[in-house]
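Shown next: work.txt, containing compact mmCIF, C-alpha atoms and all ligand atoms.
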```txt
# COMPACT_ATOMS: atom_id res chain seq x y z
CA MET A 542 62.51 98.63 113.00
CA GLY A 543 62.02 100.03 109.51
CA GLY A 544 59.63 102.69 110.86
CA PHE A 545 62.10 103.81 113.43
CA GLY A 546 64.83 104.05 110.77
CA THR A 547 62.68 106.33 108.58
CA LEU A 548 61.84 108.52 111.55
CA ARG A 549 65.48 108.84 112.33
CA VAL A 550 66.28 109.87 108.75
CA THR A 551 63.47 112.42 108.79
CA ILE A 552 64.70 113.95 112.02
CA LEU A 553 68.22 113.99 110.62
CA THR A 554 67.09 115.79 107.42
CA GLU A 555 65.15 118.28 109.44
CA VAL A 556 68.08 118.90 111.69
CA LEU A 557 70.33 119.29 108.66
CA ALA A 558 67.82 121.65 107.07
CA GLU A 559 67.73 123.67 110.26
CA PHE A 560 71.49 123.78 110.18
CA LYS A 561 71.46 124.95 106.59
CA ILE A 562 69.06 127.74 107.40
CA GLY A 563 71.16 128.53 110.41
CA GLY A 564 74.22 128.42 108.23
CA LYS A 565 72.65 130.77 105.76
CA LYS A 566 71.64 133.05 108.57
CA CYS A 567 75.18 132.92 109.76
CA ASP A 568 76.44 133.74 106.29
CA ASP A 569 74.23 136.81 106.20
CA MET A 570 75.56 137.94 109.54
CA TYR A 571 79.04 137.22 108.33
CA ASP A 572 78.48 139.46 105.29
CA ILE A 573 77.44 142.33 107.51
CA ASP A 574 80.35 141.60 109.86
CA ILE A 575 82.94 141.80 107.11
CA SER A 576 82.01 145.34 106.16
CA VAL A 577 82.02 146.34 109.83
CA TRP A 578 85.39 144.69 110.29
CA ILE A 579 86.77 146.50 107.27
CA TRP A 580 85.62 149.79 108.72
CA ILE A 581 87.12 149.00 112.11
CA PHE A 582 90.35 148.01 110.40
CA VAL A 583 90.43 151.20 108.32
CA ILE A 584 89.80 153.34 111.39
CA ILE A 585 92.51 151.55 113.37
CA PHE A 586 94.91 151.95 110.47
CA ILE A 587 94.16 155.67 110.25
CA ILE A 588 94.69 156.02 114.01
CA PHE A 589 97.95 154.09 113.62
CA LEU A 590 99.11 156.40 110.81
CA ILE A 591 98.20 159.53 112.78
CA SER A 592 99.89 158.26 115.93
CA ARG A 593 102.93 157.32 113.89
CA TYR A 594 103.01 160.77 112.43
CA PHE A 595 102.76 162.47 115.80
CA ASN A 596 104.71 159.84 117.69
CA ASN A 597 107.83 161.23 119.33
CA PRO A 598 110.68 158.84 118.58
CA PHE A 599 113.19 160.83 120.64
CA THR A 600 114.00 160.21 124.29
CA TYR A 601 115.57 162.65 126.69
CA PRO A 602 119.23 162.07 127.53
CA LEU A 603 119.97 160.82 131.01
CA ILE A 604 123.11 160.17 133.04
CA LYS A 605 121.88 157.56 135.41
CA ASN A 606 123.65 156.21 138.48
CA THR A 607 122.42 153.63 140.91
CA ILE A 608 123.15 153.82 144.62
CA ASP A 609 122.55 150.76 146.75
CA ILE A 610 121.21 151.71 150.19
CA SER A 611 120.41 148.18 151.34
CA GLY A 612 120.51 147.80 155.10
CA ARG A 613 120.62 151.52 155.84
CA LYS A 614 117.81 153.08 157.82
CA LYS A 615 116.59 156.40 156.45
CA PRO A 616 119.76 157.49 154.69
CA SER A 617 120.12 161.11 153.60
CA TYR A 618 119.88 161.00 149.82
CA ASP A 619 121.83 164.24 149.45
CA GLU A 620 124.61 162.86 151.57
CA CYS A 621 124.66 159.68 149.48
CA ILE A 622 125.15 161.81 146.38
CA ASP A 623 128.00 163.66 148.12
CA GLN A 624 129.56 160.32 148.96
CA TRP A 625 129.14 159.14 145.37
CA ILE A 626 131.00 162.20 144.08
CA ILE A 627 133.70 161.67 146.72
CA ASP A 628 134.05 158.03 145.67
CA HIS A 629 134.21 159.05 141.99
CA LYS A 630 136.70 161.90 142.31
CA SER A 631 138.15 161.14 138.89
CA TYR A 632 134.71 161.24 137.28
CA ASP A 633 134.71 164.31 135.05
CA ILE A 634 131.18 165.73 135.30
CA ASN A 635 131.53 168.19 132.40
CA LYS A 636 133.20 165.68 130.12
CA ASN A 637 130.57 163.02 130.75
CA TYR A 638 127.82 165.55 130.27
CA GLU A 639 129.23 166.52 126.87
CA ARG A 640 129.78 162.92 125.83
CA VAL A 641 126.17 161.94 126.61
CA LEU A 642 124.86 165.06 124.91
CA ASN A 643 126.88 164.48 121.74
CA GLN A 644 125.74 160.90 121.59
CA TRP A 645 122.16 162.01 122.05
CA ASN A 646 122.51 164.57 119.25
CA SER A 647 123.88 162.07 116.77
CA ASN A 648 121.13 159.61 117.73
CA ASN A 649 118.53 162.26 117.01
CA GLU A 650 120.07 163.03 113.64
CA ARG A 651 119.95 159.35 112.71
CA ILE A 652 116.28 159.15 113.68
CA LEU A 653 115.48 162.28 111.67
CA ASN A 654 117.21 160.89 108.60
CA GLY A 655 115.30 157.64 108.95
CA VAL A 656 111.76 158.96 109.09
CA ILE A 657 109.68 159.50 105.96
CA ILE A 658 106.47 160.98 107.26
CA GLY A 659 106.30 163.98 109.52
CA LYS A 660 109.95 164.85 109.03
CA LYS A 661 109.36 168.56 109.51
CA TYR A 662 107.22 167.90 112.54
CA LYS A 663 109.85 165.64 114.05
CA ALA A 664 112.60 168.18 113.41
CA GLU A 665 110.47 170.63 115.38
CA ILE A 666 110.12 168.26 118.36
CA CYS A 667 113.84 167.57 118.19
CA ASP A 668 114.62 171.30 118.31
CA ASN A 669 112.25 171.86 121.22
CA MET A 670 113.86 169.03 123.14
CA LYS A 671 117.31 170.40 122.44
CA HIS A 672 116.25 173.74 123.86
CA ARG A 673 115.00 172.08 127.00
CA VAL A 674 118.03 169.87 127.42
CA MET A 675 120.44 172.76 126.92
CA SER A 676 118.60 174.89 129.48
CA ASP A 677 119.97 175.18 133.00
CA GLU A 678 116.92 173.56 134.51
CA TYR A 679 117.10 170.23 132.74
CA PRO A 680 117.89 167.45 135.26
CA ILE A 681 120.21 165.27 133.20
CA PHE A 682 121.78 163.54 136.21
CA GLN A 683 119.68 160.94 137.88
CA PHE A 684 120.47 158.99 141.03
CA VAL A 685 118.34 155.94 141.60
CA PHE A 686 118.36 154.64 145.17
CA ILE A 687 117.70 150.95 145.40
CA ARG A 688 117.31 148.39 148.14
CA LYS A 689 118.04 144.77 147.41
CA GLN A 690 115.29 142.52 148.60
CA THR A 691 115.50 138.75 148.93
CA ARG A 692 112.68 136.76 147.42
CA TYR A 693 112.14 133.06 147.10
CA LYS A 694 110.89 130.77 144.42
CA GLN A 695 110.11 127.10 144.47
CA ILE A 696 111.86 124.94 141.91
CA ASN A 697 111.60 121.15 142.17
CA TYR A 698 110.74 121.23 145.88
CA GLN A 699 113.70 123.51 146.54
CA LYS A 700 113.41 127.02 147.86
CA ILE A 701 115.74 129.25 145.88
CA ALA A 702 116.59 132.76 147.03
CA TYR A 703 117.05 135.57 144.57
CA LYS A 704 117.49 139.32 144.89
CA VAL A 705 115.37 142.04 143.37
CA ASP A 706 116.12 145.76 143.23
CA ASN A 707 113.45 147.93 144.77
CA VAL A 708 113.63 151.58 143.76
CA GLU A 709 113.12 153.67 146.89
CA HIS A 710 113.86 157.15 145.63
CA VAL A 711 115.06 159.02 142.54
CA SER A 712 117.02 162.28 142.79
CA GLU A 713 117.26 164.47 139.73
CA LEU A 714 120.03 167.01 139.35
CA THR A 715 120.97 169.54 136.73
CA LEU A 716 124.52 169.98 135.49
CA ASN A 717 124.81 173.08 137.71
CA ASP A 718 123.59 171.19 140.78
CA MET A 719 126.28 168.58 140.21
CA LEU A 720 129.03 171.12 139.64
CA LYS A 721 127.98 173.05 142.74
CA ILE A 722 128.22 169.96 144.94
CA GLU A 723 131.53 169.00 143.37
CA ASN A 724 132.88 172.49 143.97
CA SER A 725 132.02 172.50 147.68
CA LEU A 726 133.50 169.04 148.07
CA LYS A 727 136.63 170.09 146.21
CA LYS A 728 137.11 172.92 148.72
CA ILE A 729 137.42 170.38 151.51
CA ASP A 730 139.52 168.10 149.33
CA TYR A 731 136.77 165.43 149.07
CA GLN A 732 137.48 164.47 152.67
CA THR A 733 133.92 164.32 153.89
CA THR A 734 130.34 165.07 152.89
CA ARG A 735 128.91 168.57 153.19
CA LYS A 736 126.51 167.46 155.91
CA LYS A 737 129.28 165.97 158.03
CA TYR A 738 131.49 168.99 157.44
CA LYS A 739 128.78 171.34 158.68
CA SER A 740 127.78 169.07 161.55
CA LYS A 741 127.99 170.63 165.00
CA GLU A 742 128.86 167.28 166.51
CA GLN A 743 132.29 166.74 165.00
CA ARG A 744 133.34 164.49 167.87
CA LYS A 745 130.76 161.91 166.84
CA LEU A 746 132.20 161.68 163.35
CA MET A 747 135.34 159.87 164.47
CA THR A 748 135.01 156.37 163.11
CA LYS A 749 137.14 153.27 163.49
CA GLU A 750 138.01 153.46 159.78
CA LEU A 751 139.10 157.09 160.00
CA ARG A 752 141.20 156.36 163.09
CA ARG A 753 142.84 153.45 161.27
CA LYS A 754 143.53 155.63 158.23
CA VAL A 755 145.25 158.34 160.29
CA ILE A 756 147.28 155.82 162.31
CA GLU A 757 148.54 154.14 159.15
CA ARG A 758 149.25 157.46 157.46
CA ASP A 759 151.32 158.63 160.44
CA ASN A 760 152.87 155.17 160.83
CA TYR A 761 152.06 154.76 164.56
CA THR A 762 154.34 157.73 165.28
CA CYS A 763 153.72 160.76 167.50
CA GLN A 764 153.84 163.79 165.22
CA ILE A 765 155.47 165.97 167.92
CA CYS A 766 158.11 163.86 169.68
CA GLY A 767 158.41 161.03 167.18
CA LYS A 768 157.57 158.22 169.62
CA TYR A 769 156.81 155.01 167.76
CA MET A 770 153.81 153.11 169.19
CA PRO A 771 153.27 149.92 167.16
CA ASP A 772 151.21 148.38 169.96
CA GLU A 773 149.05 151.54 170.02
CA VAL A 774 149.57 151.92 173.77
CA GLY A 775 149.22 155.64 174.59
CA LEU A 776 148.49 156.42 170.94
CA GLN A 777 145.93 159.14 170.56
CA ILE A 778 144.26 160.84 167.65
CA ASP A 779 144.42 164.62 167.93
CA HIS A 780 142.50 167.33 166.11
CA ILE A 781 145.23 169.68 164.82
CA ILE A 782 142.77 172.57 164.97
CA SER A 783 140.61 171.72 167.95
CA ILE A 784 136.90 171.23 167.51
CA ASN A 785 136.24 174.18 169.84
CA LYS A 786 138.06 176.40 167.37
CA GLY A 787 136.11 175.07 164.41
CA GLY A 788 138.38 172.16 163.49
CA LYS A 789 136.75 169.32 161.58
CA THR A 790 136.95 165.58 161.96
CA ILE A 791 138.61 165.06 158.58
CA GLU A 792 141.82 163.29 157.71
CA SER A 793 143.80 166.47 157.07
CA ASN A 794 142.91 167.85 160.52
CA LEU A 795 143.90 164.71 162.41
CA GLN A 796 147.23 163.44 163.62
CA VAL A 797 148.76 160.80 165.83
CA LEU A 798 150.11 161.99 169.17
CA CYS A 799 151.43 160.15 172.20
CA ASP A 800 149.47 160.69 175.41
CA LYS A 801 152.19 162.93 176.90
CA CYS A 802 152.34 165.29 173.89
CA ASN A 803 148.56 165.37 173.68
CA TYR A 804 148.31 166.32 177.35
CA LYS A 805 150.91 169.09 176.92
CA LYS A 806 149.12 170.41 173.83
CA GLY A 807 145.81 170.38 175.70
CA SER A 808 147.16 172.28 178.70
CA LYS A 809 148.76 174.96 176.51
CA LYS A 810 145.33 176.16 175.32
ZN ZN A 901 154.77 162.62 171.64
```
Go ahead and render the structure in this file as structure tokens.
Amino acid sequence: MGGFGTLRVTILTEVLAEFKIGGKKCDDMYDIDISVWIWIFVIIFIIFLISRYFNNPFTYPLIKNTIDISGRKKPSYDECIDQWIIDHKSYDINKNYERVLNQWNSNNERILNGVIIGKKYKAEICDNMKHRVMSDEYPIFQFVFIRKQTRYKQINYQKIAYKVDNVEHVSELTLNDMLKIENSLKKIDYQTTRKKYKSKEQRKLMTKELRRKVIERDNYTCQICGKYMPDEVGLQIDHIISINKGGKTIESNLQVLCDKCNYKKGSKK
């Protein structure tokens, strides 16, 4: 038993010795490593300083609007933008443009005052950006078209539905683009989109909602003889300027007529 014990101790000392040597070896490697690590650190720090110096802290101004096109097959993005402007008649494009630009300018000034290194360089970037933003080609208005998609997750054996927004398309417009669209819509009193206005199939543009709008506006009353038709029997919607003569299917060109007056009007032509 004693012999075995001694053997065990010997093995143990040898193993320990091995470890020591190993440890020393490791120490040596560690010494080399430290100087390498210091170099790596110094290089990274220099890269960090350089990138900080050249880093552009400014972002371009953006007037972003989101349009939800869920459930609509292949919508015309341009027409959606028309509709957005129609729905936001009171939205002052110029005023909002100026407000965002002023805010952007004061933000930039704050950033410039805050930086210590590369101040001159940053002022230069800032000026360049200003030039670009003030140019006619800068698309400051952005319309993001999203589709809501239902997804599910499992929580405690329960399937829970949640919605995510999928960006399908992004339209970028300059201030002039926006004002141009607004101007053409203003000419037709925001009554319909440009595409619908130019459409050759005006008859197809008559919708239930539009019909309802005209009926309520005219209070179920024939605009020629004054017949009141609350039950809508014989009530017809007439194009004041007929489609053949270039009349449009817009509220201002529609009126309520009784069937008799509509027939008379039709036979006069
Ligand atoms: Zn009538």
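With CA of Phe599 (chain A) on one side and CA of Asn654 (chain A) on the other, the separation reads 12.7 Å.
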To check your reading of the model: which residues sit at most 12 Å from ligand ZN 901 (chain A) when counting only C-alpha atoms and all ligand atoms? Write the answer as an NGL selection string. :A and (761-770 or 775-779 or 796-806)
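For the pair CA of Asp619 (chain A) and CA of Lys739 (chain A), the interatomic distance is 13.6 Å.
Proximity ranking of A:Tyr731, A:Phe589, A:Trp578, A:Tyr679 relative to Leu716 (chain A) places A:Tyr679 first, based on only C-alpha atoms.
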What is the CA of Met719 (chain A) to CA of Val705 (chain A) distance in Å? 28.9 Å
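Closest to Phe686 (chain A) among A:Gly787, A:Gly807, A:Pro616, A:Pro598 is A:Pro616, based on all atoms listed in the file.
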Provide an axis-aligned box for all listed atoms of region 755-773 of chain A, padding each side by 6 Å; report its centre and its edge lengths in Å to one decimal, as lines of an AutoDock Vina configuration file.
```
center_x = 151.8
center_y = 157.2
center_z = 163.7
size_x = 25.2
size_y = 29.6
size_z = 24.6
```
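Of the listed residues (A:Gln683, A:Ser592, A:Ser611, A:Asn637), A:Ser592 comes nearest to Ile658 (chain A); the distances count all atoms listed in the file.
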May I have the residues within 8 Å of Glu723 (chain A) as a list in words, using all atoms listed in the file and disregarding those fewer than 3 positions away in the same chain? Asp623, Ile626, Met719, Leu720, Leu726 and Lys727 of chain A
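In this comparison, which uses all atoms listed in the file, the residue of A:Asn794, A:Asp677, A:Glu665, A:His629 approaching Tyr738 (chain A) most closely is A:Asn794.
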Contacts of Arg593 (chain A) within 12 Å, all atoms listed in the file, excl. fewer than 5 positions in-chain, as a PDB file with C-alpha atoms, in the coordinates of the input:
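Output saved as around.pdb:
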```
ATOM      1  CA  ILE A 585      92.510 151.550 113.370  1.00  0.00           C
ATOM      2  CA  PHE A 586      94.910 151.950 110.470  1.00  0.00           C
ATOM      3  CA  ILE A 587      94.160 155.670 110.250  1.00  0.00           C
ATOM      4  CA  ILE A 588      94.690 156.020 114.010  1.00  0.00           C
ATOM      5  CA  PRO A 598     110.680 158.840 118.580  1.00  0.00           C
ATOM      6  CA  VAL A 656     111.760 158.960 109.090  1.00  0.00           C
ATOM      7  CA  ILE A 657     109.680 159.500 105.960  1.00  0.00           C
ATOM      8  CA  ILE A 658     106.470 160.980 107.260  1.00  0.00           C
ATOM      9  CA  GLY A 659     106.300 163.980 109.520  1.00  0.00           C
ATOM     10  CA  LYS A 660     109.950 164.850 109.030  1.00  0.00           C
ATOM     11  CA  TYR A 662     107.220 167.900 112.540  1.00  0.00           C
ATOM     12  CA  LYS A 663     109.850 165.640 114.050  1.00  0.00           C
TER      13      LYS A 663
END
```
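Nearest residue to Glu742 (chain A), choosing from A:Tyr601, A:Thr790, A:His672, A:Ile581 and counting only C-alpha atoms: A:Thr790.
Across A:Ser631, A:Asn646, A:Ser793, A:Ser725, the tightest approach to Leu751 (chain A) is made by A:Ser793 when counting only C-alpha atoms.
Within the 10 Å cut-off around Ile604 (chain A), using all atoms listed in the file and omitting residues fewer than 4 positions from it on the same chain, the listed residues are Asn637, Tyr638, Val641, Leu642, Pro680, Ile681, Phe682, Gln683, Phe684, Glu713 and Leu714 of chain A.
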Quick one: residues within 12 Å of Lys737 (chain A), all atoms listed in the file counted, chain neighbours fewer than 4 positions away excluded, as a list in words? Ser617, Asp619, Glu620, Cys621, Asp623, Gln624, Leu726, Ile729, Tyr731, Gln732, Thr733, Lys741, Glu742, Gln743, Arg744, Lys745, Leu746, Met747, Lys789, Thr790 and Ile791 of chain A
